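Working notes, beginning with the structure itself.
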Amino acid sequence: MKKQLAALLLTILCALSLPGCGEAVPSGEARTVYAMDTVMNLTVYGENAASALEGAEKELHTLDEAVLSRTAEGSELAALNAAGGETVHYAADDALPALIQTALAISDAANGAFDPTLAPVLDAWGFTKDERRVPSADELSSLLSRTGRDKVTLTEDADGWTVTLLDGAQLDLGGIAKGYAADLLRAQLAAEGVASATLDLGGDVFVMGKKSDGSDWRVAVKDPADTDSYLGILTASDKFIVTSGVYERYFEENGVRYHHIIDPATGCPAESGLVSVTVVCENGAWADALSTACFVLGTDGALDLRASLAAQGTDFELILVTDDGRVRYTGGLAPIFTPNEESGYSYEALS
Ligand code: FAD
Ligand code: MG
């Protein structure tokens, strides 16, 4: 666990919002929270910073322990997974079914590349238990019969929600939960009158408002091959900047690296030619799930997904890092992304 914590701290240092050269760092209240097996750094500016941070930390622990954890005894998700196929009812204002609905919508949009039902497969690889191993092809094929979006039925009416997991399905929301948490914190901070903040939930970054000098935040996008270095700087305000990469959680066996982003079609770590995907958009849950989906889809599939969602009114931008050292970024980022020319990558702005 210590080693994991050190790796995560490194990740966060590289994802921190950076002041410009020679600028004074504006003062704010900062707090480090450990939740969802992740080190999170929150910085809030303005009069209500201290109480807003208090509330934010409480919200993160509640979400982790009482709602979204698969392993915490008594959490809502653990109870749903343990329901043995029985239909579970939820109140209309319950967060869990609303998040499951979002996860299913993104799964549909991404043709299943984002799949919230991969829990049994993730368990077989041991990613959530620190007991990592390579499952056999037979084991994976049997587990894949319990996965897929069609194994979840969800209804919503005026009385609330129902969710049923069919055929032994189990949900894992690790690919969307931190982005969703960032959405909730954003709303909570705004309700407390906060206008300026940076939230770094371990690779899921939200920059709220502007810096105290009125300029945009600067966020370093880390180099997947050297997390001490960075690929470039994004200049942004009121944006979620979320990265999924092969370097976050992985193990090595017989010289092969196995990472935690699973291709739902094979049950194995996705081999899409990408080593890192950063999504920039206006919604945290979508940014988080889309970064995972685009990683699985690879460059062409990710760009197709971006085009099809744009046609439906959901815009997002991408930074795609390929395993042969190229960084390709979509047109909307051209004015706000400054490549690090010393990184050794070749950069291409896509139209
Ligand atoms: P992302 O790329 O955003 O997502 C990858 C994660 O999504 C994987 O780790 C897996 O969980 C899931 N996933 C993989 N492939 C897909 C896919 N194709 N579609 C959809 N989802 C996919 N981990 C522990 O080891 N111990 C804990 O106690 C623990 N507690 C947690 C409690 C909560 C409430 C949550 C949400 C997560 C917890 N985790 C725990 C898991 C850990 O935080 C995840 O590894 C993390 O959420 C992954 O986020 P990421 O941004 O690194 O990766
Ligand atoms: Mg994600």
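Please note that chains go A, B, ... in the order of the structure tokens, that every chain numbers its residues from 1, and that ligands are numbered from 1 in the order shown.
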
Item to check | Test item: residues at most 6 Å from Asp288 of chain A, only C-alpha atoms, excluding those fewer than 3 positions along its chain, as a ChimeraX atom specification | outcome: /A:176,179,242,285,291

Report the closest atom pair, with its distance in Å rounded to one decimal, for each residue of segment 243-324 of chain A that has an atom no farther than 12 Å from segment 207-212 of chain A; count only C-alpha atoms, sort by chain and then rising residue number, and write it as CSV.
residue,atom,partner,partner_atom,distance
A:Val280,CA,A:Val207,CA,10.9
A:Cys281,CA,A:Val207,CA,11.1
A:Glu282,CA,A:Val207,CA,10.4
A:Asn283,CA,A:Val207,CA,11.7
A:Gly284,CA,A:Val207,CA,10.9

Item to check | Surrounding residues as a PyMOL selection string, ligand 2, max 10 Å, only C-alpha atoms and all ligand atoms | outcome: chain A and resi 114+173-179+203-204+242-245+261+277-279+284-295

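The nearest approach to ligand 1 among the residues A:Phe316, A:Phe127, A:Tyr230, A:Phe240, with only C-alpha atoms and all ligand atoms taken into account, belongs to A:Phe127.
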
Next on the checklist: List as a ChimeraX atom specification the protein and nucleic acid residues near Thr266 of chain A, meaning an atom at most 9 Å away when only C-alpha atoms are counted, but skip any in the same chain fewer than 4 places from it.
Outcome noted: /A:140-141,144,262,270

Prev. selection, N, CA, C and O atoms, output as a JSON list (two decimals), in the first residue's frame:
[["chain", "number", "residue", "atom", "x", "y", "z"],
["A", 140, "LEU", "N", -11.64, -16.49, -17.95],
["A", 140, "LEU", "CA", -12.15, -15.21, -18.47],
["A", 140, "LEU", "C", -13.40, -15.43, -19.31],
["A", 140, "LEU", "O", -14.37, -14.69, -19.21],
["A", 141, "SER", "N", -13.37, -16.48, -20.13],
["A", 141, "SER", "CA", -14.53, -16.70, -21.00],
["A", 141, "SER", "C", -15.77, -17.01, -20.17],
["A", 141, "SER", "O", -16.87, -16.55, -20.46],
["A", 144, "LEU", "N", -16.94, -13.70, -18.60],
["A", 144, "LEU", "CA", -17.54, -12.75, -19.56],
["A", 144, "LEU", "C", -19.01, -13.06, -19.82],
["A", 144, "LEU", "O", -19.76, -12.20, -20.29],
["A", 262, "ILE", "N", -9.72, -2.56, -18.87],
["A", 262, "ILE", "CA", -10.05, -3.86, -19.48],
["A", 262, "ILE", "C", -10.86, -3.67, -20.76],
["A", 262, "ILE", "O", -11.81, -2.88, -20.79],
["A", 270, "ALA", "N", -6.76, -3.64, -22.16],
["A", 270, "ALA", "CA", -6.97, -3.17, -23.54],
["A", 270, "ALA", "C", -5.63, -2.92, -24.23],
["A", 270, "ALA", "O", -4.73, -2.32, -23.65]]

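The residue that comes closest to Gly85 of chain A, out of A:Arg70, A:Arg306, A:Lys58, A:Arg146 and on the basis of only C-alpha atoms, is A:Arg146.
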
Next on the checklist: Report as a PyMOL selection string all protein, DNA and RNA residues lying within 12 Å of Leu80 of chain A, evaluated on only C-alpha atoms, omitting residues in the same chain fewer than 6 positions from it.
Outcome noted: chain A and resi 67-71+73-74+86-90+96-97+100+152+162-166+168-172

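You will find atom CA of Tyr34 of chain A at 23.6 Å from atom CA of Ala191 of chain A.
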